[in-house]
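Below: target_10.pdb (PDB, C-alpha atoms and all ligand atoms)
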```pdb
ATOM      1  CA  MET A   8     -15.978 -17.666  10.036
ATOM      2  CA  SER A   9     -13.153 -19.485   8.322
ATOM      3  CA  LEU A  10     -10.020 -17.763   7.108
ATOM      4  CA  LEU A  11      -8.643 -18.757   3.717
ATOM      5  CA  VAL A  12      -4.837 -18.502   3.615
ATOM      6  CA  VAL A  13      -2.829 -18.766   0.404
ATOM      7  CA  GLY A  14       0.952 -18.889   0.785
ATOM      8  CA  SER A  15       4.172 -20.831   0.801
ATOM      9  CA  MET A  16       5.258 -23.890   2.735
ATOM     10  CA  ALA A  17       9.018 -23.896   2.756
ATOM     11  CA  PHE A  18      12.249 -25.107   4.213
ATOM     12  CA  ASP A  19      14.139 -22.084   5.513
ATOM     13  CA  SER A  20      17.864 -21.717   6.046
ATOM     14  CA  ILE A  21      18.500 -18.797   8.361
ATOM     15  CA  LEU A  22      21.612 -16.869   9.270
ATOM     16  CA  THR A  23      21.402 -14.554  12.284
ATOM     17  CA  PRO A  24      24.431 -12.743  13.723
ATOM     18  CA  SER A  25      24.821 -15.483  16.327
ATOM     19  CA  GLU A  26      23.467 -18.683  14.754
ATOM     20  CA  GLU A  27      22.978 -20.537  11.479
ATOM     21  CA  ARG A  28      20.197 -23.068  11.003
ATOM     22  CA  SER A  29      19.279 -25.043   7.895
ATOM     23  CA  LEU A  30      16.137 -26.607   6.518
ATOM     24  CA  LEU A  31      13.719 -25.391   9.168
ATOM     25  CA  LEU A  32       9.989 -25.609   8.635
ATOM     26  CA  GLY A  33       8.669 -22.273   7.412
ATOM     27  CA  GLY A  34       6.833 -20.451   4.667
ATOM     28  CA  SER A  35       4.324 -17.639   4.682
ATOM     29  CA  GLY A  36       1.325 -19.978   4.470
ATOM     30  CA  LEU A  37       2.550 -22.176   7.290
ATOM     31  CA  TYR A  38       3.337 -19.324   9.720
ATOM     32  CA  ALA A  39       0.131 -17.447   8.893
ATOM     33  CA  SER A  40      -2.173 -20.446   9.176
ATOM     34  CA  MET A  41      -0.526 -21.563  12.388
ATOM     35  CA  ALA A  42      -0.952 -18.121  14.013
ATOM     36  CA  ALA A  43      -4.538 -17.824  12.741
ATOM     37  CA  SER A  44      -5.472 -21.293  14.020
ATOM     38  CA  PHE A  45      -5.497 -19.962  17.604
ATOM     39  CA  PHE A  46      -8.552 -17.858  16.688
ATOM     40  CA  THR A  47     -10.484 -19.525  13.895
ATOM     41  CA  SER A  48     -10.628 -22.462  11.502
ATOM     42  CA  VAL A  49      -8.211 -22.083   8.623
ATOM     43  CA  ARG A  50      -8.329 -23.288   5.029
ATOM     44  CA  LEU A  51      -4.841 -23.384   3.573
ATOM     45  CA  VAL A  52      -3.883 -23.336  -0.094
ATOM     46  CA  SER A  53      -0.242 -24.135  -0.786
ATOM     47  CA  ILE A  54       2.094 -26.560  -2.521
ATOM     48  CA  VAL A  55       4.858 -28.795  -1.187
ATOM     49  CA  GLY A  56       7.384 -31.006  -2.901
ATOM     50  CA  ASN A  57       8.319 -34.663  -2.556
ATOM     51  CA  ASP A  58      10.451 -33.996   0.544
ATOM     52  CA  TRP A  59       7.740 -32.437   2.755
ATOM     53  CA  PRO A  60       6.899 -34.646   5.774
ATOM     54  CA  GLU A  61       3.341 -35.954   5.803
ATOM     55  CA  SER A  62       3.426 -35.782   9.625
ATOM     56  CA  VAL A  63       3.540 -31.961   9.492
ATOM     57  CA  LEU A  64       0.317 -31.938   7.485
ATOM     58  CA  HIS A  65      -1.283 -34.215  10.078
ATOM     59  CA  ASP A  66      -0.146 -31.917  12.907
ATOM     60  CA  MET A  67      -1.701 -28.978  11.088
ATOM     61  CA  GLN A  68      -4.989 -30.819  10.611
ATOM     62  CA  ARG A  69      -5.099 -31.564  14.345
ATOM     63  CA  ARG A  70      -4.947 -27.795  14.924
ATOM     64  CA  GLY A  71      -7.982 -27.084  12.772
ATOM     65  CA  ILE A  72      -6.057 -26.204   9.626
ATOM     66  CA  ASP A  73      -7.803 -27.686   6.602
ATOM     67  CA  THR A  74      -5.071 -28.903   4.245
ATOM     68  CA  ARG A  75      -7.274 -30.128   1.424
ATOM     69  CA  GLY A  76      -5.901 -27.195  -0.582
ATOM     70  CA  VAL A  77      -2.260 -28.187  -0.029
ATOM     71  CA  TYR A  78      -0.980 -29.787  -3.228
ATOM     72  CA  ARG A  79       2.073 -32.006  -3.543
ATOM     73  CA  ASP A  80       4.351 -31.925  -6.573
ATOM     74  CA  ALA A  81       5.971 -35.356  -6.500
ATOM     75  CA  THR A  82       8.501 -34.384  -9.175
ATOM     76  CA  GLN A  83      10.218 -31.562  -7.293
ATOM     77  CA  LYS A  84      11.556 -30.479  -3.938
ATOM     78  CA  SER A  85       9.725 -28.040  -1.694
ATOM     79  CA  PHE A  86      10.422 -24.325  -1.792
ATOM     80  CA  HIS A  87      13.726 -23.491  -0.064
ATOM     81  CA  TRP A  88      14.428 -19.954   1.124
ATOM     82  CA  THR A  89      17.719 -18.714   2.588
ATOM     83  CA  GLY A  90      17.789 -15.426   4.473
ATOM     84  CA  ARG A  91      20.450 -13.505   6.385
ATOM     85  CA  TYR A  92      19.764 -10.908   9.083
ATOM     86  CA  SER A  93      21.793  -7.761   9.773
ATOM     87  CA  ALA A  94      23.677  -7.256  13.026
ATOM     88  CA  ASN A  95      20.684  -5.620  14.747
ATOM     89  CA  MET A  96      18.256  -8.099  13.073
ATOM     90  CA  ASN A  97      16.173  -5.208  11.695
ATOM     91  CA  GLU A  98      17.071  -5.871   8.112
ATOM     92  CA  ARG A  99      17.387  -8.998   6.091
ATOM     93  CA  GLU A 100      18.534 -10.096   2.734
ATOM     94  CA  SER A 101      17.209 -13.050   0.735
ATOM     95  CA  LEU A 102      20.336 -15.001  -0.209
ATOM     96  CA  ALA A 103      18.491 -17.647  -2.200
ATOM     97  CA  THR A 104      14.889 -18.143  -3.279
ATOM     98  CA  ASP A 105      14.752 -21.654  -4.704
ATOM     99  CA  LEU A 106      11.090 -21.834  -5.600
ATOM    100  CA  ASN A 107      11.171 -25.458  -6.786
ATOM    101  CA  ALA A 108       7.566 -26.760  -6.529
ATOM    102  CA  TYR A 109       6.314 -23.256  -5.673
ATOM    103  CA  ALA A 110       7.319 -22.024  -9.153
ATOM    104  CA  ASN A 111       4.439 -23.969 -10.716
ATOM    105  CA  PHE A 112       1.875 -22.979  -8.131
ATOM    106  CA  GLN A 113      -1.372 -22.309 -10.031
ATOM    107  CA  PRO A 114      -3.769 -23.600  -7.396
ATOM    108  CA  THR A 115      -7.269 -24.820  -7.996
ATOM    109  CA  ILE A 116      -9.217 -23.681  -4.965
ATOM    110  CA  PRO A 117     -11.175 -26.609  -3.495
ATOM    111  CA  GLU A 118     -14.922 -26.136  -3.999
ATOM    112  CA  VAL A 119     -15.516 -26.139  -0.229
ATOM    113  CA  TYR A 120     -13.097 -23.184   0.206
ATOM    114  CA  ARG A 121     -14.604 -20.919  -2.459
ATOM    115  CA  ASP A 122     -17.120 -19.149  -0.243
ATOM    116  CA  SER A 123     -14.500 -18.164   2.386
ATOM    117  CA  PRO A 124     -15.496 -14.753   3.755
ATOM    118  CA  ILE A 125     -12.054 -13.538   4.821
ATOM    119  CA  VAL A 126      -9.012 -14.181   2.630
ATOM    120  CA  LEU A 127      -5.325 -13.708   3.378
ATOM    121  CA  LEU A 128      -3.118 -13.816   0.292
ATOM    122  CA  ALA A 129       0.348 -14.303   1.779
ATOM    123  CA  HIS A 130       3.696 -14.150  -0.092
ATOM    124  CA  ALA A 131       3.174 -15.519  -3.597
ATOM    125  CA  HIS A 132       3.480 -14.362  -7.184
ATOM    126  CA  PRO A 133       0.773 -11.731  -7.863
ATOM    127  CA  ASP A 134      -0.446 -13.941 -10.734
ATOM    128  CA  VAL A 135      -1.206 -16.607  -8.137
ATOM    129  CA  HIS A 136      -3.172 -14.047  -6.127
ATOM    130  CA  LEU A 137      -5.145 -13.075  -9.249
ATOM    131  CA  HIS A 138      -5.782 -16.704 -10.139
ATOM    132  CA  VAL A 139      -7.127 -17.355  -6.622
ATOM    133  CA  LEU A 140      -9.328 -14.250  -6.620
ATOM    134  CA  GLU A 141     -10.943 -15.338  -9.912
ATOM    135  CA  GLN A 142     -12.121 -18.569  -8.268
ATOM    136  CA  LEU A 143     -13.690 -17.099  -5.114
ATOM    137  CA  ARG A 144     -17.352 -16.342  -4.641
ATOM    138  CA  GLY A 145     -17.688 -12.801  -3.294
ATOM    139  CA  PRO A 146     -15.346 -12.718  -0.276
ATOM    140  CA  ARG A 147     -16.194 -10.037   2.309
ATOM    141  CA  TRP A 148     -12.614  -9.004   2.973
ATOM    142  CA  VAL A 149      -9.391  -9.715   1.115
ATOM    143  CA  VAL A 150      -5.967  -8.779   2.412
ATOM    144  CA  ALA A 151      -2.716  -9.324   0.520
ATOM    145  CA  ASP A 152       0.811  -9.466   1.862
ATOM    146  CA  THR A 153       3.752  -9.055  -0.454
ATOM    147  CA  MET A 154       7.536  -9.112  -0.325
ATOM    148  CA  ASP A 155      10.548  -7.748  -2.210
ATOM    149  CA  HIS A 156      10.942 -10.778  -4.518
ATOM    150  CA  TRP A 157       7.367 -10.540  -5.836
ATOM    151  CA  ILE A 158       7.482  -6.751  -6.102
ATOM    152  CA  GLN A 159      10.547  -7.123  -8.309
ATOM    153  CA  VAL A 160       9.182  -9.866 -10.565
ATOM    154  CA  GLY A 161       5.433  -9.170 -10.329
ATOM    155  CA  GLY A 162       5.242  -6.562 -13.136
ATOM    156  CA  ASP A 163       1.755  -5.338 -14.067
ATOM    157  CA  SER A 164       0.075  -8.048 -12.032
ATOM    158  CA  LEU A 165       0.880  -6.306  -8.738
ATOM    159  CA  PRO A 166      -1.313  -3.216  -9.404
ATOM    160  CA  ARG A 167      -4.030  -5.551 -10.679
ATOM    161  CA  VAL A 168      -3.985  -7.357  -7.309
ATOM    162  CA  PHE A 169      -4.029  -4.002  -5.478
ATOM    163  CA  SER A 170      -7.159  -2.968  -7.368
ATOM    164  CA  GLN A 171      -9.054  -6.011  -6.045
ATOM    165  CA  ILE A 172      -8.185  -6.072  -2.344
ATOM    166  CA  ASP A 173      -9.451  -4.331   0.775
ATOM    167  CA  ALA A 174      -6.151  -4.242   2.666
ATOM    168  CA  LEU A 175      -2.444  -4.509   1.920
ATOM    169  CA  ILE A 176       0.197  -5.589   4.436
ATOM    170  CA  LEU A 177       3.808  -4.818   3.737
ATOM    171  CA  ASN A 178       6.958  -3.726   5.526
ATOM    172  CA  GLU A 179       8.568  -0.302   5.434
ATOM    173  CA  GLY A 180      11.144  -1.231   2.806
ATOM    174  CA  GLU A 181       8.498  -2.750   0.530
ATOM    175  CA  ALA A 182       6.273   0.347   0.830
ATOM    176  CA  ARG A 183       9.226   2.466  -0.262
ATOM    177  CA  LEU A 184      10.187   0.035  -3.034
ATOM    178  CA  ILE A 185       6.709   0.231  -4.585
ATOM    179  CA  THR A 186       6.067   3.953  -4.178
ATOM    180  CA  GLY A 187       9.548   5.505  -4.181
ATOM    181  CA  LYS A 188       8.480   7.544  -1.115
ATOM    182  CA  ASP A 189      10.535   7.628   2.077
ATOM    183  CA  ASP A 190       7.758   9.096   4.146
ATOM    184  CA  LEU A 191       5.502   6.225   5.206
ATOM    185  CA  PHE A 192       2.351   8.332   5.310
ATOM    186  CA  GLN A 193       2.951   9.523   1.760
ATOM    187  CA  ALA A 194       3.760   5.978   0.683
ATOM    188  CA  GLY A 195       0.587   4.714   2.381
ATOM    189  CA  ARG A 196      -1.631   7.316   0.749
ATOM    190  CA  LEU A 197      -0.161   6.484  -2.669
ATOM    191  CA  LEU A 198      -0.805   2.788  -2.076
ATOM    192  CA  GLN A 199      -4.405   3.560  -1.139
ATOM    193  CA  GLN A 200      -4.832   5.297  -4.489
ATOM    194  CA  MET A 201      -3.857   2.009  -6.122
ATOM    195  CA  GLY A 202      -6.867   0.224  -4.576
ATOM    196  CA  PRO A 203      -6.704  -1.040  -0.978
ATOM    197  CA  LYS A 204      -8.545   1.205   1.484
ATOM    198  CA  TRP A 205      -6.467  -0.090   4.358
ATOM    199  CA  ILE A 206      -2.669  -0.176   4.436
ATOM    200  CA  ILE A 207      -0.805  -1.934   7.230
ATOM    201  CA  VAL A 208       2.912  -1.171   7.380
ATOM    202  CA  LYS A 209       5.046  -3.490   9.523
ATOM    203  CA  LYS A 210       8.008  -1.732  11.112
ATOM    204  CA  GLY A 211       9.783  -4.607  12.864
ATOM    205  CA  GLU A 212      10.771  -3.739  16.415
ATOM    206  CA  HIS A 213       9.054  -0.345  15.947
ATOM    207  CA  GLY A 214       5.617  -1.888  15.594
ATOM    208  CA  ALA A 215       2.993  -1.331  12.945
ATOM    209  CA  LEU A 216       1.042   1.457  11.298
ATOM    210  CA  LEU A 217      -2.539   1.126  10.105
ATOM    211  CA  LEU A 218      -3.778   3.680   7.604
ATOM    212  CA  GLY A 219      -7.461   3.751   6.745
ATOM    213  CA  PRO A 220      -9.705   6.128   4.865
ATOM    214  CA  ASP A 221     -10.082   8.518   7.838
ATOM    215  CA  VAL A 222      -7.960   6.938  10.488
ATOM    216  CA  SER A 223      -4.352   6.202  11.310
ATOM    217  CA  VAL A 224      -3.234   4.035  14.215
ATOM    218  CA  ALA A 225       0.324   3.248  15.251
ATOM    219  CA  LEU A 226       1.115   0.514  17.745
ATOM    220  CA  PRO A 227       4.545  -0.319  19.147
ATOM    221  CA  ALA A 228       5.863  -3.868  18.995
ATOM    222  CA  PHE A 229       5.450  -5.904  22.157
ATOM    223  CA  PRO A 230       8.868  -5.591  23.781
ATOM    224  CA  THR A 231      10.471  -9.009  23.896
ATOM    225  CA  GLU A 232      14.008  -9.420  25.145
ATOM    226  CA  ASP A 233      14.177 -12.899  23.741
ATOM    227  CA  LEU A 234      14.642 -12.187  20.018
ATOM    228  CA  LYS A 235      16.110 -15.273  18.314
ATOM    229  CA  ASP A 236      14.880 -15.184  14.710
ATOM    230  CA  PRO A 237      12.543 -12.618  13.116
ATOM    231  CA  THR A 238      11.545 -15.011  10.290
ATOM    232  CA  GLY A 239       7.809 -15.442  10.097
ATOM    233  CA  ALA A 240       7.049 -12.424  12.292
ATOM    234  CA  GLY A 241       5.208 -10.728   9.437
ATOM    235  CA  ASP A 242       3.240 -13.833   8.534
ATOM    236  CA  SER A 243       2.360 -14.561  12.161
ATOM    237  CA  PHE A 244       1.301 -10.930  12.506
ATOM    238  CA  ALA A 245      -0.966 -11.235   9.449
ATOM    239  CA  GLY A 246      -2.273 -14.667  10.473
ATOM    240  CA  GLY A 247      -3.038 -13.482  14.021
ATOM    241  CA  MET A 248      -4.615 -10.249  12.819
ATOM    242  CA  PHE A 249      -6.881 -11.793  10.193
ATOM    243  CA  GLY A 250      -7.545 -15.014  12.085
ATOM    244  CA  TYR A 251      -8.871 -12.830  14.883
ATOM    245  CA  LEU A 252     -10.914 -10.706  12.452
ATOM    246  CA  ALA A 253     -12.466 -13.851  11.013
ATOM    247  CA  SER A 254     -13.480 -14.903  14.532
ATOM    248  CA  VAL A 255     -15.442 -11.792  15.496
ATOM    249  CA  ALA A 256     -18.975 -10.991  14.431
ATOM    250  CA  GLY A 257     -19.786  -7.792  12.586
ATOM    251  CA  THR A 258     -17.867  -5.566  10.233
ATOM    252  CA  PRO A 259     -14.098  -6.216   9.997
ATOM    253  CA  GLU A 260     -13.436  -2.448   9.880
ATOM    254  CA  ASP A 261     -14.807  -2.080  13.432
ATOM    255  CA  HIS A 262     -12.257  -4.508  14.854
ATOM    256  CA  LEU A 263      -9.094  -3.564  13.002
ATOM    257  CA  LYS A 264      -7.332  -1.854  15.904
ATOM    258  CA  GLN A 265      -7.897  -4.811  18.188
ATOM    259  CA  ALA A 266      -6.776  -7.134  15.397
ATOM    260  CA  LEU A 267      -3.621  -5.064  14.917
ATOM    261  CA  ALA A 268      -2.808  -5.595  18.586
ATOM    262  CA  ILE A 269      -3.445  -9.347  18.326
ATOM    263  CA  GLY A 270      -1.156  -9.530  15.276
ATOM    264  CA  THR A 271       1.517  -7.682  17.233
ATOM    265  CA  VAL A 272       1.282 -10.173  20.083
ATOM    266  CA  MET A 273       1.468 -13.187  17.734
ATOM    267  CA  ALA A 274       4.553 -11.747  16.017
ATOM    268  CA  SER A 275       6.236 -11.267  19.389
ATOM    269  CA  PHE A 276       5.907 -15.003  20.073
ATOM    270  CA  ALA A 277       7.116 -16.029  16.619
ATOM    271  CA  VAL A 278      10.459 -14.219  17.006
ATOM    272  CA  GLU A 279      11.313 -15.933  20.285
ATOM    273  CA  SER A 280      12.562 -19.047  18.536
ATOM    274  CA  PHE A 281      13.639 -20.372  15.168
ATOM    275  CA  SER A 282      10.996 -21.773  12.862
ATOM    276  CA  LEU A 283       7.637 -22.494  14.534
ATOM    277  CA  ASP A 284       9.229 -23.729  17.735
ATOM    278  CA  ARG A 285       7.526 -21.097  19.892
ATOM    279  CA  LEU A 286       4.167 -21.158  18.086
ATOM    280  CA  VAL A 287       3.710 -24.943  18.194
ATOM    281  CA  PRO A 288       3.609 -25.333  22.009
ATOM    282  CA  LEU A 289       1.943 -21.940  22.554
ATOM    283  CA  GLU A 290      -1.247 -21.956  24.611
ATOM    284  CA  LYS A 291      -4.220 -19.668  24.288
ATOM    285  CA  GLY A 292      -3.715 -18.552  27.910
ATOM    286  CA  GLU A 293      -0.230 -17.270  27.072
ATOM    287  CA  ILE A 294      -1.677 -15.227  24.217
ATOM    288  CA  GLU A 295      -4.320 -13.780  26.512
ATOM    289  CA  SER A 296      -1.769 -12.897  29.225
ATOM    290  CA  ARG A 297       0.532 -11.205  26.770
ATOM    291  CA  PHE A 298      -2.368  -9.334  25.234
ATOM    292  CA  GLN A 299      -3.306  -8.098  28.725
ATOM    293  CA  ALA A 300       0.288  -7.009  29.357
ATOM    294  CA  PHE A 301       0.291  -5.180  26.013
ATOM    295  CA  ARG A 302      -2.969  -3.397  26.860
ATOM    296  CA  GLN A 303      -1.628  -2.351  30.251
ATOM    297  CA  MET A 304       1.557  -1.070  28.669
ATOM    298  CA  LEU A 305      -0.489   1.185  26.366
ATOM    299  CA  ASN A 306      -2.894   2.451  29.002
ATOM    300  CA  LEU A 307      -1.573   5.984  29.417
ATOM    301  CA  PRO A 308      -2.948   8.139  32.237
ATOM    302  CA  GLY A 309      -4.330  11.526  31.153
ATOM    303  CA  ILE A 310      -2.463  14.817  31.763
ATOM    304  CA  PRO A 311      -3.698  16.173  35.143
TER     305      PRO A 311
HETATM  306  P1  LIG B 401       8.238 -13.069   7.008
HETATM  307  O1  LIG B 401       9.477 -13.153   7.859
HETATM  308  O2  LIG B 401       6.997 -13.143   7.820
HETATM  309  O3  LIG B 401       8.219 -11.896   6.073
HETATM  310  O4  LIG B 401       8.202 -14.340   6.055
HETATM  311  C1  LIG B 401       9.204 -15.295   6.044
HETATM  312  C2  LIG B 401       8.709 -16.539   5.366
HETATM  313  O5  LIG B 401       8.404 -16.269   3.996
HETATM  314  C3  LIG B 401       9.790 -17.611   5.364
HETATM  315  O6  LIG B 401       9.367 -18.700   6.151
HETATM  316  C4  LIG B 401       9.987 -17.994   3.907
HETATM  317  O7  LIG B 401       9.928 -19.376   3.678
HETATM  318  C5  LIG B 401       8.854 -17.307   3.175
HETATM  319  N1  LIG B 401       9.310 -16.716   1.923
HETATM  320  C6  LIG B 401      10.499 -16.125   1.666
HETATM  321  N2  LIG B 401      10.550 -15.685   0.392
HETATM  322  C7  LIG B 401       9.356 -16.008  -0.165
HETATM  323  C8  LIG B 401       8.785 -15.831  -1.458
HETATM  324  N3  LIG B 401       9.460 -15.218  -2.436
HETATM  325  N4  LIG B 401       7.523 -16.295  -1.670
HETATM  326  C9  LIG B 401       6.836 -16.909  -0.687
HETATM  327  N5  LIG B 401       7.316 -17.100   0.544
HETATM  328  C10 LIG B 401       8.553 -16.670   0.823
END
```

Show me, as C-alpha cells, the structure contained in the file I just sent.
Amino acid sequence: MSLLVVGSMAFDSILTPSEERSLLLGGSGLYASMAASFFTSVRLVSIVGNDWPESVLHDMQRRGIDTRGVYRDATQKSFHWTGRYSANMNERESLATDLNAYANFQPTIPEVYRDSPIVLLAHAHPDVHLHVLEQLRGPRWVVADTMDHWIQVGGDSLPRVFSQIDALILNEGEARLITGKDDLFQAGRLLQQMGPKWIIVKKGEHGALLLGPDVSVALPAFPTEDLKDPTGAGDSFAGGMFGYLASVAGTPEDHLKQALAIGTVMASFAVESFSLDRLVPLEKGEIESRFQAFRQMLNLPGIP
C-alpha cells in the first residue's frame, strides 16, 4: 500500500553546540518520505519555492517517491527554518520560521493520490491538514504530527484535526503544551479524549511511548554514540513507522509495536549526520542489522 505524506520541504539552518550549518535540505515532508521510501511507495504533497533544486526532486522520484503532489511557487523562496539545540541536544528552539512559499500552501491533492489508504500529515498548519482530509476518499488510517509553531497558531483548527485522525505523534513538550499536564500518561489520556485513539509521544534520547485504548508500550531510543544533529529525527521516526505500517498486510493496529521499533531505528540513523546525509546512502541491510541489534538489546531473560 502507498503512504501519502503531507509536509514541508525546507532549507534548514542548524546550530548545535559544536557546529553551525546553513541552508541544508530538510523539511518534515522530505525527511518523512525519505524514511518511508525504504518500506513502501510514497506519495508526497508539499510546496517548494523558486530556489529548490529540480535535481532533488529527480533523486526522490528515483527512490519511489511520487512528487506529482509537490507544487512550486515561482514567486517566492522555499520555506527556511532556523533551529538551535541546547548543550545536551535534548531541547531546541526555533529561531526563525520563514514560511515563504509554505505560507500559501493550500494543496490540491492529485486525483491519483486521493484513495491512499495510510496518510501521514506531517508538520503543517492544521488548516492544511483539514483541507487535505476533505479531499481524501475514506483513508484506512490517518496519523498527524504537529509541532510548537502550529500548536501556537493553529487555534480551533487543531482540535478539529484531532477529531478526524486515528493517531497523533508529538513530542513531550508539545503534549504538555496542548494539555497543560506534566505527566505524560495524563497528557496522553486527555489527547485521546480529543479524538485520536493512539498517541505516540517522542521522548528524544529516552525513546517513545505508545498509548492505545487498552495498551501502553514504551521503547528506548536505539543508543547511538554518533549524535550530530537531531533535526528530522521525529519525521524520520514517523516516516519509518508509517511507511512500514503501509507495507504490511492486515490491520495497522496489529503491527504498531513493530512499527514503533522501526521508527526508532530510522530516527537513530537520521541523527548521525546533518540534513539527510545519513539517510541518502543508507541501505536496507543496514536497517535490518540495526533492527536486529535493537531486538537483541530488548530481549530480556526471565527471572529464574
Ligand atoms: P523534526 O526534527 O523531525 O521535528 O522536524 C524538523 C524539520 O521540520 C526540519 O527539517 C524543518 O524544516 C521542519 N520544520 C520546522 N518548523 C516547521 C514548521 N513550522 N512547519 C513545517 N515544518 C517545519

For the file shown, report as a count of residues only the outcome of the PyMOL selection byres (((chain A and resi 33-48) around 6) and not hetatm) at residue level. 22

Give me the residues of region 137-194 of chain A that have any atom at most 6 Å from an atom of region 206-220 of chain A; for each, the nearest atom pair and the distance in Å, rounded to one decimal. Use only C-alpha atoms, sort by chain and number, and format it as CSV.
```
residue,atom,partner,partner_atom,distance
A:Ala174,CA,A:Ile206,CA,5.6
A:Leu175,CA,A:Ile206,CA,5.0
A:Ile176,CA,A:Ile207,CA,4.7
A:Leu177,CA,A:Val208,CA,5.2
A:Asn178,CA,A:Lys209,CA,4.4
A:Glu179,CA,A:Lys210,CA,5.9
```

Starting from the displayed file, determine the output of the PyMOL selection byres (((chain A and resi 90-92) around 9) and not hetatm) and express the residue list as a PDB file with C-alpha atoms, in the frame of the given file.
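Saved result, part.pdb, follows:
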```pdb
ATOM      1  CA  ASP A  19      14.139 -22.084   5.513  1.00  0.00           C
ATOM      2  CA  SER A  20      17.864 -21.717   6.046  1.00  0.00           C
ATOM      3  CA  ILE A  21      18.500 -18.797   8.361  1.00  0.00           C
ATOM      4  CA  LEU A  22      21.612 -16.869   9.270  1.00  0.00           C
ATOM      5  CA  THR A  23      21.402 -14.554  12.284  1.00  0.00           C
ATOM      6  CA  PRO A  24      24.431 -12.743  13.723  1.00  0.00           C
ATOM      7  CA  TRP A  88      14.428 -19.954   1.124  1.00  0.00           C
ATOM      8  CA  THR A  89      17.719 -18.714   2.588  1.00  0.00           C
ATOM      9  CA  SER A  93      21.793  -7.761   9.773  1.00  0.00           C
ATOM     10  CA  ALA A  94      23.677  -7.256  13.026  1.00  0.00           C
ATOM     11  CA  ASN A  95      20.684  -5.620  14.747  1.00  0.00           C
ATOM     12  CA  MET A  96      18.256  -8.099  13.073  1.00  0.00           C
ATOM     13  CA  ASN A  97      16.173  -5.208  11.695  1.00  0.00           C
ATOM     14  CA  GLU A  98      17.071  -5.871   8.112  1.00  0.00           C
ATOM     15  CA  ARG A  99      17.387  -8.998   6.091  1.00  0.00           C
ATOM     16  CA  GLU A 100      18.534 -10.096   2.734  1.00  0.00           C
ATOM     17  CA  SER A 101      17.209 -13.050   0.735  1.00  0.00           C
ATOM     18  CA  LEU A 102      20.336 -15.001  -0.209  1.00  0.00           C
ATOM     19  CA  ALA A 103      18.491 -17.647  -2.200  1.00  0.00           C
ATOM     20  CA  THR A 104      14.889 -18.143  -3.279  1.00  0.00           C
ATOM     21  CA  ASP A 236      14.880 -15.184  14.710  1.00  0.00           C
ATOM     22  CA  PRO A 237      12.543 -12.618  13.116  1.00  0.00           C
ATOM     23  CA  THR A 238      11.545 -15.011  10.290  1.00  0.00           C
TER      24      THR A 238
END
```

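Residues in contact with Gln299 (chain A) at up to 12 Å, not including ones fewer than 5 positions away on its chain and judged by all atoms listed in the file, are Phe229, Gln265, Ala268, Ile269, Val272, Gly292, Glu293, Ile294, Met304, Leu305 and Asn306 of chain A.
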
Counting all atoms listed in the file, I want the residues whose atoms come within 10 Å of (-5.9, -13.1, -7.5) in the file frame, returned as a ChimeraX atom specification. /A:128,132-143,149,151,164-165,167-169,171-172

Tell me, in Å to one decimal, how far CA of Lys235 (chain A) is from CA of Arg285 (chain A).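 We find that CA of Lys235 (chain A) and CA of Arg285 (chain A) lie 10.5 Å from each other.
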
Centre and edges of the region 287-296 of chain A box, axis-aligned, 8 Å extra per side, as lines of an AutoDock Vina configuration file:
```
center_x = -0.3
center_y = -19.1
center_z = 23.7
size_x = 24.0
size_y = 28.4
size_z = 27.0
```

Straight-line distance linking CA of Ala253 (chain A) with CA of Thr74 (chain A), stated in Å to one decimal: 18.1 Å

Selected by the PyMOL selection byres (((chain A and resi 184-191) around 10) and not hetatm) in the shown coordinates: which residues, as an MDAnalysis selection string? chainID A and resid 154:155 158:159 165:166 178:183 192:198 208 216 218

One-decimal distance in Å that lies between CA of Leu51 (chain A) and CA of Ile116 (chain A):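 Result for CA of Ile116 (chain A) versus CA of Leu51 (chain A): 9.6 Å, one decimal.
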